Structure formats: structure tokens, C-alpha cells
file data-v1.pdb (PDB, N, CA and C atoms)
ATOM      1  N   MET A  21     131.244  -1.700-124.866  1.00  0.00           N
ATOM      2  CA  MET A  21     132.572  -2.191-125.175  1.00  0.00           C
ATOM      3  C   MET A  21     132.944  -3.280-124.176  1.00  0.00           C
ATOM      4  N   LYS A  22     133.692  -4.223-124.624  1.00  0.00           N
ATOM      5  CA  LYS A  22     134.135  -5.289-123.742  1.00  0.00           C
ATOM      6  C   LYS A  22     135.222  -4.775-122.802  1.00  0.00           C
ATOM      7  N   LYS A  23     135.363  -5.479-121.657  1.00  0.00           N
ATOM      8  CA  LYS A  23     136.354  -5.066-120.673  1.00  0.00           C
ATOM      9  C   LYS A  23     137.770  -5.098-121.234  1.00  0.00           C
ATOM     10  N   LEU A  24     138.098  -6.137-121.982  1.00  0.00           N
ATOM     11  CA  LEU A  24     139.448  -6.264-122.512  1.00  0.00           C
ATOM     12  C   LEU A  24     139.761  -5.142-123.504  1.00  0.00           C
ATOM     13  N   THR A  25     138.794  -4.796-124.339  1.00  0.00           N
ATOM     14  CA  THR A  25     138.986  -3.705-125.301  1.00  0.00           C
ATOM     15  C   THR A  25     139.153  -2.373-124.569  1.00  0.00           C
ATOM     16  N   THR A  26     138.345  -2.151-123.548  1.00  0.00           N
ATOM     17  CA  THR A  26     138.436  -0.921-122.771  1.00  0.00           C
ATOM     18  C   THR A  26     139.786  -0.816-122.074  1.00  0.00           C
ATOM     19  N   LEU A  27     140.237  -1.906-121.469  1.00  0.00           N
ATOM     20  CA  LEU A  27     141.528  -1.893-120.788  1.00  0.00           C
ATOM     21  C   LEU A  27     142.674  -1.662-121.767  1.00  0.00           C
ATOM     22  N   THR A  28     142.589  -2.250-122.938  1.00  0.00           N
ATOM     23  CA  THR A  28     143.617  -2.041-123.956  1.00  0.00           C
ATOM     24  C   THR A  28     143.651  -0.571-124.377  1.00  0.00           C
ATOM     25  N   PHE A  29     142.488   0.030-124.550  1.00  0.00           N
ATOM     26  CA  PHE A  29     142.402   1.444-124.905  1.00  0.00           C
ATOM     27  C   PHE A  29     142.988   2.323-123.799  1.00  0.00           C
ATOM     28  N   LEU A  30     142.671   2.026-122.538  1.00  0.00           N
ATOM     29  CA  LEU A  30     143.223   2.785-121.415  1.00  0.00           C
ATOM     30  C   LEU A  30     144.740   2.623-121.319  1.00  0.00           C
ATOM     31  N   LEU A  31     145.235   1.425-121.581  1.00  0.00           N
ATOM     32  CA  LEU A  31     146.687   1.201-121.588  1.00  0.00           C
ATOM     33  C   LEU A  31     147.350   2.036-122.674  1.00  0.00           C
ATOM     34  N   LEU A  32     146.741   2.108-123.832  1.00  0.00           N
ATOM     35  CA  LEU A  32     147.284   2.895-124.935  1.00  0.00           C
ATOM     36  C   LEU A  32     147.323   4.382-124.582  1.00  0.00           C
ATOM     37  N   ILE A  33     146.237   4.897-124.037  1.00  0.00           N
ATOM     38  CA  ILE A  33     146.179   6.313-123.672  1.00  0.00           C
ATOM     39  C   ILE A  33     147.205   6.639-122.580  1.00  0.00           C
ATOM     40  N   THR A  34     147.278   5.784-121.565  1.00  0.00           N
ATOM     41  CA  THR A  34     148.224   6.023-120.474  1.00  0.00           C
ATOM     42  C   THR A  34     149.664   5.922-120.970  1.00  0.00           C
ATOM     43  N   GLY A  35     149.933   4.988-121.873  1.00  0.00           N
ATOM     44  CA  GLY A  35     151.271   4.865-122.444  1.00  0.00           C
ATOM     45  C   GLY A  35     151.656   6.101-123.246  1.00  0.00           C
ATOM     46  N   LEU A  36     150.721   6.616-124.027  1.00  0.00           N
ATOM     47  CA  LEU A  36     150.992   7.838-124.796  1.00  0.00           C
ATOM     48  C   LEU A  36     151.203   9.043-123.875  1.00  0.00           C
ATOM     49  N   LEU A  37     150.443   9.096-122.800  1.00  0.00           N
ATOM     50  CA  LEU A  37     150.624  10.172-121.833  1.00  0.00           C
ATOM     51  C   LEU A  37     151.988  10.085-121.158  1.00  0.00           C
ATOM     52  N   LEU A  38     152.433   8.878-120.887  1.00  0.00           N
ATOM     53  CA  LEU A  38     153.759   8.676-120.305  1.00  0.00           C
ATOM     54  C   LEU A  38     154.854   9.125-121.273  1.00  0.00           C
ATOM     55  N   ILE A  39     154.691   8.807-122.543  1.00  0.00           N
ATOM     56  CA  ILE A  39     155.646   9.247-123.566  1.00  0.00           C
ATOM     57  C   ILE A  39     155.671  10.778-123.655  1.00  0.00           C
ATOM     58  N   PHE A  40     154.501  11.401-123.548  1.00  0.00           N
ATOM     59  CA  PHE A  40     154.408  12.862-123.565  1.00  0.00           C
ATOM     60  C   PHE A  40     155.203  13.473-122.415  1.00  0.00           C
ATOM     61  N   HIS A  41     155.027  12.928-121.212  1.00  0.00           N
ATOM     62  CA  HIS A  41     155.752  13.460-120.054  1.00  0.00           C
ATOM     63  C   HIS A  41     157.257  13.211-120.165  1.00  0.00           C
ATOM     64  N   LEU A  42     157.640  12.091-120.722  1.00  0.00           N
ATOM     65  CA  LEU A  42     159.065  11.832-120.936  1.00  0.00           C
ATOM     66  C   LEU A  42     159.652  12.800-121.957  1.00  0.00           C
ATOM     67  N   ALA A  43     158.864  13.141-122.978  1.00  0.00           N
ATOM     68  CA  ALA A  43     159.326  14.109-123.982  1.00  0.00           C
ATOM     69  C   ALA A  43     159.544  15.481-123.342  1.00  0.00           C
ATOM     70  N   ILE A  44     158.689  15.846-122.420  1.00  0.00           N
ATOM     71  CA  ILE A  44     158.882  17.115-121.701  1.00  0.00           C
ATOM     72  C   ILE A  44     160.128  17.032-120.838  1.00  0.00           C
ATOM     73  N   LEU A  45     160.291  15.922-120.136  1.00  0.00           N
ATOM     74  CA  LEU A  45     161.429  15.757-119.241  1.00  0.00           C
ATOM     75  C   LEU A  45     162.756  15.819-119.988  1.00  0.00           C
ATOM     76  N   PHE A  46     162.804  15.249-121.185  1.00  0.00           N
ATOM     77  CA  PHE A  46     164.043  15.238-121.964  1.00  0.00           C
ATOM     78  C   PHE A  46     164.203  16.462-122.861  1.00  0.00           C
ATOM     79  N   GLY A  47     163.274  17.408-122.776  1.00  0.00           N
ATOM     80  CA  GLY A  47     163.411  18.667-123.492  1.00  0.00           C
ATOM     81  C   GLY A  47     162.931  18.652-124.926  1.00  0.00           C
ATOM     82  N   LEU A  48     162.257  17.594-125.357  1.00  0.00           N
ATOM     83  CA  LEU A  48     161.726  17.560-126.721  1.00  0.00           C
ATOM     84  C   LEU A  48     160.527  18.483-126.866  1.00  0.00           C
ATOM     85  N   ILE A  49     159.805  18.690-125.783  1.00  0.00           N
ATOM     86  CA  ILE A  49     158.699  19.639-125.729  1.00  0.00           C
ATOM     87  C   ILE A  49     159.089  20.694-124.700  1.00  0.00           C
ATOM     88  N   PRO A  50     159.044  21.973-125.056  1.00  0.00           N
ATOM     89  CA  PRO A  50     159.447  23.011-124.105  1.00  0.00           C
ATOM     90  C   PRO A  50     158.514  23.046-122.891  1.00  0.00           C
ATOM     91  N   TYR A  51     159.102  23.075-121.704  1.00  0.00           N
ATOM     92  CA  TYR A  51     158.298  23.015-120.492  1.00  0.00           C
ATOM     93  C   TYR A  51     157.471  24.272-120.246  1.00  0.00           C
ATOM     94  N   ASP A  52     157.839  25.383-120.877  1.00  0.00           N
ATOM     95  CA  ASP A  52     157.041  26.597-120.698  1.00  0.00           C
ATOM     96  C   ASP A  52     155.735  26.551-121.486  1.00  0.00           C
ATOM     97  N   GLN A  53     155.564  25.545-122.334  1.00  0.00           N
ATOM     98  CA  GLN A  53     154.343  25.374-123.115  1.00  0.00           C
ATOM     99  C   GLN A  53     153.326  24.448-122.438  1.00  0.00           C
ATOM    100  N   VAL A  54     153.718  23.831-121.327  1.00  0.00           N
ATOM    101  CA  VAL A  54     152.836  22.888-120.647  1.00  0.00           C
ATOM    102  C   VAL A  54     152.591  23.340-119.207  1.00  0.00           C
ATOM    103  N   TRP A  55     151.780  22.613-118.497  1.00  0.00           N
ATOM    104  CA  TRP A  55     151.425  22.915-117.110  1.00  0.00           C
ATOM    105  C   TRP A  55     150.839  24.320-116.988  1.00  0.00           C
ATOM    106  N   ALA A  56     150.086  24.725-117.966  1.00  0.00           N
ATOM    107  CA  ALA A  56     149.376  26.014-117.993  1.00  0.00           C
ATOM    108  C   ALA A  56     150.314  27.196-117.811  1.00  0.00           C
ATOM    109  N   GLY A  57     151.567  27.032-118.219  1.00  0.00           N
ATOM    110  CA  GLY A  57     152.541  28.102-118.127  1.00  0.00           C
ATOM    111  C   GLY A  57     153.007  28.422-116.716  1.00  0.00           C
ATOM    112  N   ARG A  58     152.725  27.545-115.751  1.00  0.00           N
ATOM    113  CA  ARG A  58     153.078  27.789-114.351  1.00  0.00           C
ATOM    114  C   ARG A  58     154.552  27.568-114.053  1.00  0.00           C
ATOM    115  N   LEU A  59     155.202  26.738-114.813  1.00  0.00           N
ATOM    116  CA  LEU A  59     156.584  26.382-114.498  1.00  0.00           C
ATOM    117  C   LEU A  59     157.517  27.535-114.838  1.00  0.00           C
ATOM    118  N   GLU A  60     158.333  27.895-113.870  1.00  0.00           N
ATOM    119  CA  GLU A  60     159.233  29.023-114.061  1.00  0.00           C
ATOM    120  C   GLU A  60     160.701  28.619-114.112  1.00  0.00           C
ATOM    121  N   SER A  61     161.004  27.368-113.767  1.00  0.00           N
ATOM    122  CA  SER A  61     162.399  26.938-113.793  1.00  0.00           C
ATOM    123  C   SER A  61     162.469  25.450-114.145  1.00  0.00           C
ATOM    124  N   THR A  62     163.665  25.030-114.507  1.00  0.00           N
ATOM    125  CA  THR A  62     163.835  23.613-114.832  1.00  0.00           C
ATOM    126  C   THR A  62     163.691  22.735-113.596  1.00  0.00           C
ATOM    127  N   GLU A  63     164.005  23.271-112.412  1.00  0.00           N
ATOM    128  CA  GLU A  63     163.842  22.496-111.186  1.00  0.00           C
ATOM    129  C   GLU A  63     162.368  22.183-110.933  1.00  0.00           C
ATOM    130  N   GLU A  64     161.508  23.179-111.154  1.00  0.00           N
ATOM    131  CA  GLU A  64     160.070  22.948-111.019  1.00  0.00           C
ATOM    132  C   GLU A  64     159.603  21.926-112.045  1.00  0.00           C
ATOM    133  N   MET A  65     160.115  22.022-113.265  1.00  0.00           N
ATOM    134  CA  MET A  65     159.729  21.091-114.312  1.00  0.00           C
ATOM    135  C   MET A  65     160.098  19.666-113.921  1.00  0.00           C
ATOM    136  N   TYR A  66     161.312  19.480-113.389  1.00  0.00           N
ATOM    137  CA  TYR A  66     161.735  18.141-112.964  1.00  0.00           C
ATOM    138  C   TYR A  66     160.837  17.609-111.851  1.00  0.00           C
ATOM    139  N   GLN A  67     160.450  18.451-110.915  1.00  0.00           N
ATOM    140  CA  GLN A  67     159.564  18.017-109.836  1.00  0.00           C
ATOM    141  C   GLN A  67     158.192  17.630-110.368  1.00  0.00           C
ATOM    142  N   PHE A  68     157.598  18.480-111.168  1.00  0.00           N
ATOM    143  CA  PHE A  68     156.264  18.210-111.713  1.00  0.00           C
ATOM    144  C   PHE A  68     156.280  16.963-112.582  1.00  0.00           C
ATOM    145  N   GLU A  69     157.260  16.864-113.454  1.00  0.00           N
ATOM    146  CA  GLU A  69     157.298  15.728-114.374  1.00  0.00           C
ATOM    147  C   GLU A  69     157.607  14.419-113.652  1.00  0.00           C
ATOM    148  N   THR A  70     158.432  14.464-112.623  1.00  0.00           N
ATOM    149  CA  THR A  70     158.724  13.252-111.855  1.00  0.00           C
ATOM    150  C   THR A  70     157.455  12.724-111.191  1.00  0.00           C
ATOM    151  N   VAL A  71     156.685  13.615-110.599  1.00  0.00           N
ATOM    152  CA  VAL A  71     155.425  13.204-109.973  1.00  0.00           C
ATOM    153  C   VAL A  71     154.449  12.679-111.033  1.00  0.00           C
ATOM    154  N   ALA A  72     154.327  13.371-112.143  1.00  0.00           N
ATOM    155  CA  ALA A  72     153.407  12.949-113.205  1.00  0.00           C
ATOM    156  C   ALA A  72     153.799  11.582-113.765  1.00  0.00           C
ATOM    157  N   ILE A  73     155.078  11.358-113.973  1.00  0.00           N
ATOM    158  CA  ILE A  73     155.550  10.079-114.501  1.00  0.00           C
ATOM    159  C   ILE A  73     155.313   8.964-113.484  1.00  0.00           C
ATOM    160  N   ALA A  74     155.561   9.237-112.204  1.00  0.00           N
ATOM    161  CA  ALA A  74     155.333   8.219-111.173  1.00  0.00           C
ATOM    162  C   ALA A  74     153.857   7.828-111.097  1.00  0.00           C
ATOM    163  N   ILE A  75     152.970   8.801-111.163  1.00  0.00           N
ATOM    164  CA  ILE A  75     151.533   8.510-111.124  1.00  0.00           C
ATOM    165  C   ILE A  75     151.116   7.710-112.354  1.00  0.00           C
ATOM    166  N   ASN A  76     151.607   8.106-113.524  1.00  0.00           N
ATOM    167  CA  ASN A  76     151.252   7.387-114.750  1.00  0.00           C
ATOM    168  C   ASN A  76     151.804   5.966-114.757  1.00  0.00           C
ATOM    169  N   LEU A  77     153.006   5.777-114.227  1.00  0.00           N
ATOM    170  CA  LEU A  77     153.553   4.422-114.136  1.00  0.00           C
ATOM    171  C   LEU A  77     152.716   3.560-113.200  1.00  0.00           C
ATOM    172  N   PHE A  78     152.285   4.120-112.077  1.00  0.00           N
ATOM    173  CA  PHE A  78     151.434   3.386-111.149  1.00  0.00           C
ATOM    174  C   PHE A  78     150.134   2.962-111.830  1.00  0.00           C
ATOM    175  N   ILE A  79     149.491   3.890-112.521  1.00  0.00           N
ATOM    176  CA  ILE A  79     148.243   3.587-113.228  1.00  0.00           C
ATOM    177  C   ILE A  79     148.484   2.533-114.299  1.00  0.00           C
ATOM    178  N   LEU A  80     149.590   2.644-115.022  1.00  0.00           N
ATOM    179  CA  LEU A  80     149.924   1.680-116.062  1.00  0.00           C
ATOM    180  C   LEU A  80     150.097   0.277-115.484  1.00  0.00           C
ATOM    181  N   ILE A  81     150.780   0.167-114.355  1.00  0.00           N
ATOM    182  CA  ILE A  81     150.984  -1.138-113.713  1.00  0.00           C
ATOM    183  C   ILE A  81     149.649  -1.722-113.259  1.00  0.00           C
ATOM    184  N   VAL A  82     148.797  -0.889-112.655  1.00  0.00           N
ATOM    185  CA  VAL A  82     147.486  -1.368-112.210  1.00  0.00           C
ATOM    186  C   VAL A  82     146.661  -1.847-113.397  1.00  0.00           C
ATOM    187  N   LEU A  83     146.690  -1.115-114.502  1.00  0.00           N
ATOM    188  CA  LEU A  83     145.935  -1.519-115.693  1.00  0.00           C
ATOM    189  C   LEU A  83     146.475  -2.816-116.294  1.00  0.00           C
ATOM    190  N   PHE A  84     147.808  -3.005-116.293  1.00  0.00           N
ATOM    191  CA  PHE A  84     148.380  -4.259-116.774  1.00  0.00           C
ATOM    192  C   PHE A  84     147.913  -5.433-115.915  1.00  0.00           C
ATOM    193  N   ILE A  85     147.909  -5.243-114.608  1.00  0.00           N
ATOM    194  CA  ILE A  85     147.453  -6.305-113.703  1.00  0.00           C
ATOM    195  C   ILE A  85     145.982  -6.615-113.963  1.00  0.00           C
ATOM    196  N   LYS A  86     145.165  -5.588-114.080  1.00  0.00           N
ATOM    197  CA  LYS A  86     143.735  -5.767-114.329  1.00  0.00           C
ATOM    198  C   LYS A  86     143.499  -6.474-115.656  1.00  0.00           C
ATOM    199  N   ARG A  87     144.238  -6.104-116.686  1.00  0.00           N
ATOM    200  CA  ARG A  87     144.065  -6.739-117.997  1.00  0.00           C
ATOM    201  C   ARG A  87     144.404  -8.223-117.927  1.00  0.00           C
ATOM    202  N   ARG A  88     145.466  -8.562-117.228  1.00  0.00           N
ATOM    203  CA  ARG A  88     145.838  -9.970-117.091  1.00  0.00           C
ATOM    204  C   ARG A  88     144.770 -10.734-116.309  1.00  0.00           C
ATOM    205  N   LEU A  89     144.214 -10.108-115.281  1.00  0.00           N
ATOM    206  CA  LEU A  89     143.175 -10.764-114.493  1.00  0.00           C
ATOM    207  C   LEU A  89     141.898 -10.956-115.302  1.00  0.00           C
ATOM    208  N   VAL A  90     141.571 -10.014-116.164  1.00  0.00           N
ATOM    209  CA  VAL A  90     140.379 -10.150-116.997  1.00  0.00           C
ATOM    210  C   VAL A  90     140.561 -11.301-117.983  1.00  0.00           C
ATOM    211  N   LYS A  91     141.761 -11.436-118.546  1.00  0.00           N
ATOM    212  CA  LYS A  91     142.021 -12.555-119.466  1.00  0.00           C
ATOM    213  C   LYS A  91     141.868 -13.895-118.766  1.00  0.00           C
ATOM    214  N   GLN A  92     142.277 -13.952-117.487  1.00  0.00           N
ATOM    215  CA  GLN A  92     142.211 -15.197-116.737  1.00  0.00           C
ATOM    216  C   GLN A  92     140.880 -15.361-116.018  1.00  0.00           C
ATOM    217  N   LYS A  93     139.998 -14.384-116.140  1.00  0.00           N
ATOM    218  CA  LYS A  93     138.684 -14.386-115.504  1.00  0.00           C
ATOM    219  C   LYS A  93     138.771 -14.503-113.988  1.00  0.00           C
ATOM    220  N   LYS A  94     139.732 -13.822-113.401  1.00  0.00           N
ATOM    221  CA  LYS A  94     139.866 -13.773-111.952  1.00  0.00           C
ATOM    222  C   LYS A  94     139.393 -12.416-111.461  1.00  0.00           C
ATOM    223  N   GLN A  95     139.106 -12.341-110.176  1.00  0.00           N
ATOM    224  CA  GLN A  95     138.693 -11.092-109.546  1.00  0.00           C
ATOM    225  C   GLN A  95     139.738 -10.657-108.530  1.00  0.00           C
ATOM    226  N   SER A  96     139.940  -9.383-108.414  1.00  0.00           N
ATOM    227  CA  SER A  96     140.823  -8.830-107.400  1.00  0.00           C
ATOM    228  C   SER A  96     140.166  -7.567-106.859  1.00  0.00           C
ATOM    229  N   LYS A  97     139.761  -7.613-105.612  1.00  0.00           N
ATOM    230  CA  LYS A  97     139.025  -6.482-105.035  1.00  0.00           C
ATOM    231  C   LYS A  97     139.891  -5.238-104.901  1.00  0.00           C
ATOM    232  N   TRP A  98     141.172  -5.418-104.579  1.00  0.00           N
ATOM    233  CA  TRP A  98     142.004  -4.235-104.376  1.00  0.00           C
ATOM    234  C   TRP A  98     142.304  -3.532-105.689  1.00  0.00           C
ATOM    235  N   ILE A  99     142.438  -4.272-106.790  1.00  0.00           N
ATOM    236  CA  ILE A  99     142.633  -3.634-108.100  1.00  0.00           C
ATOM    237  C   ILE A  99     141.383  -2.877-108.497  1.00  0.00           C
ATOM    238  N   ASP A 100     140.209  -3.488-108.285  1.00  0.00           N
ATOM    239  CA  ASP A 100     138.947  -2.800-108.594  1.00  0.00           C
ATOM    240  C   ASP A 100     138.789  -1.556-107.726  1.00  0.00           C
ATOM    241  N   TYR A 101     139.217  -1.627-106.475  1.00  0.00           N
ATOM    242  CA  TYR A 101     139.111  -0.477-105.577  1.00  0.00           C
ATOM    243  C   TYR A 101     140.012   0.665-106.055  1.00  0.00           C
ATOM    244  N   ILE A 102     141.215   0.350-106.501  1.00  0.00           N
ATOM    245  CA  ILE A 102     142.134   1.381-106.993  1.00  0.00           C
ATOM    246  C   ILE A 102     141.582   2.055-108.245  1.00  0.00           C
ATOM    247  N   LEU A 103     140.936   1.281-109.122  1.00  0.00           N
ATOM    248  CA  LEU A 103     140.437   1.816-110.372  1.00  0.00           C
ATOM    249  C   LEU A 103     139.129   2.598-110.225  1.00  0.00           C
ATOM    250  N   LYS A 104     138.509   2.520-109.075  1.00  0.00           N
ATOM    251  CA  LYS A 104     137.248   3.275-108.880  1.00  0.00           C
ATOM    252  C   LYS A 104     137.485   4.644-108.441  1.00  0.00           C
TER     253      LYS A 104
END
call {"tool": "encode", "arguments": {"input": "data-v1.pdb", "output": "C-alpha cells"}}
result
Amino acid sequence: MKKLTTLTFLLLITGLLLIFHLAILFGLIPYDQVWAGRLESTEEMYQFETVAIAINLFILIVLFIKRRLVKQKKQSKWIDYILK
């Protein structure tokens, strides 16, 4: 697969995962059905989901930067290091 196609696919998956976590945060998906049933309170759910959303946003931003660099045929060592 080409790099651009792979990055687009990863962006799609990460975006869908972000939507999933937002659905849990807003109560569209019951939190007792996720996180392997470990969550016992809404406070724990807010903590877990906040961390998960922050990590997914970071990955999404890195993938957007990488995709733009691939289109422009530039190299960035720190982006490649983060993705490894």
C-alpha cells in the first residue's frame, strides 16, 4: 500500500476511535460496557475517557502532519520517531 493511502486509513480509524470515546463521554454508550467493566463511577469514566481522548487527539495531529509532509515529499525525523 502507498504511504498516503495508509496514512488516510490510519486517520480514518483514529477519527472513528475518537468518536467512540466521545460517545462514551457524552453517555451515548454506557460506560459500564467498556474498559473491560473496570469503571465503577462516572468520575473514573471521565478520567479514563479524558486520557484516551487526549492520546487519540495527539496521534491524530501527528498523522495529519505526517500526511501533509508525505504529500509535499518532505522528511521530518521527529514525526517518524513518534510514529515508530
call {"tool": "atom_distance", "arguments": {"input": "data-v1.pdb", "atom1": "atom N of Gly57 (chain A)", "atom2": "atom C of Leu103 (chain A)"}}
result
28.6 Å
call {"tool": "atom_distance", "arguments": {"input": "data-v1.pdb", "atom1": "CA of Pro50 (chain A)", "atom2": "CA of Leu30 (chain A)"}}
result
26.1 Å
call {"tool": "atom_distance", "arguments": {"input": "data-v1.pdb", "atom1": "CA of Val54 (chain A)", "atom2": "atom N of Ile81 (chain A)"}}
result
23.7 Å
call {"tool": "closest_residue", "arguments": {"input": "data-v1.pdb", "among": "A:Ile85, A:Ile73, A:Leu59, A:Ile79", "to": "Leu37 (chain A)", "atoms": "all atoms listed in the file"}}
result
A:Ile73
call {"tool": "axis_aligned_box", "arguments": {"input": "data-v1.pdb", "around": "region 68-78 of chain A", "padding_each_side": "6 Å", "output": "lines of an AutoDock Vina configuration file"}}
result
center_x = 154.4
center_y = 10.7
center_z = -112.4
size_x = 20.6
size_y = 27.5
size_z = 16.8
call {"tool": "residues_around", "arguments": {"input": "data-v1.pdb", "residues": "Gly47 (chain A)", "least_positions_apart": "5", "cutoff": "12 Å", "atoms": "only C-alpha atoms", "output": "NGL selection string"}}
result
:A and (40-42 or 52-54 or 62 or 65-66 or 69)
call {"tool": "select_by_dssp", "arguments": {"input": "data-v1.pdb", "residues": "region 44-95 of chain A", "states": "helix (DSSP H, G or I)", "output": "ChimeraX atom specification"}}
result
/A:44-45,51-53,55-57,62-92
call {"tool": "closest_residue", "arguments": {"input": "data-v1.pdb", "among": "A:Leu24, A:Lys104, A:Ile39, A:Leu31", "to": "Leu80 (chain A)", "atoms": "all atoms listed in the file"}}
result
A:Leu31
call {"tool": "closest_residue", "arguments": {"input": "data-v1.pdb", "among": "A:Asn76, A:Glu63, A:Ile44, A:Leu83", "to": "Thr28 (chain A)", "atoms": "all atoms listed in the file"}}
result
A:Leu83
call {"tool": "closest_residue", "arguments": {"input": "data-v1.pdb", "among": "A:Trp55, A:Ser61, A:Leu77, A:Ile102", "to": "Thr34 (chain A)", "atoms": "all atoms listed in the file"}}
result
A:Leu77
call {"tool": "closest_residue", "arguments": {"input": "data-v1.pdb", "among": "A:Ala56, A:Leu45, A:Ile99, A:Leu38", "to": "Arg87 (chain A)", "atoms": "only C-alpha atoms"}}
result
A:Ile99
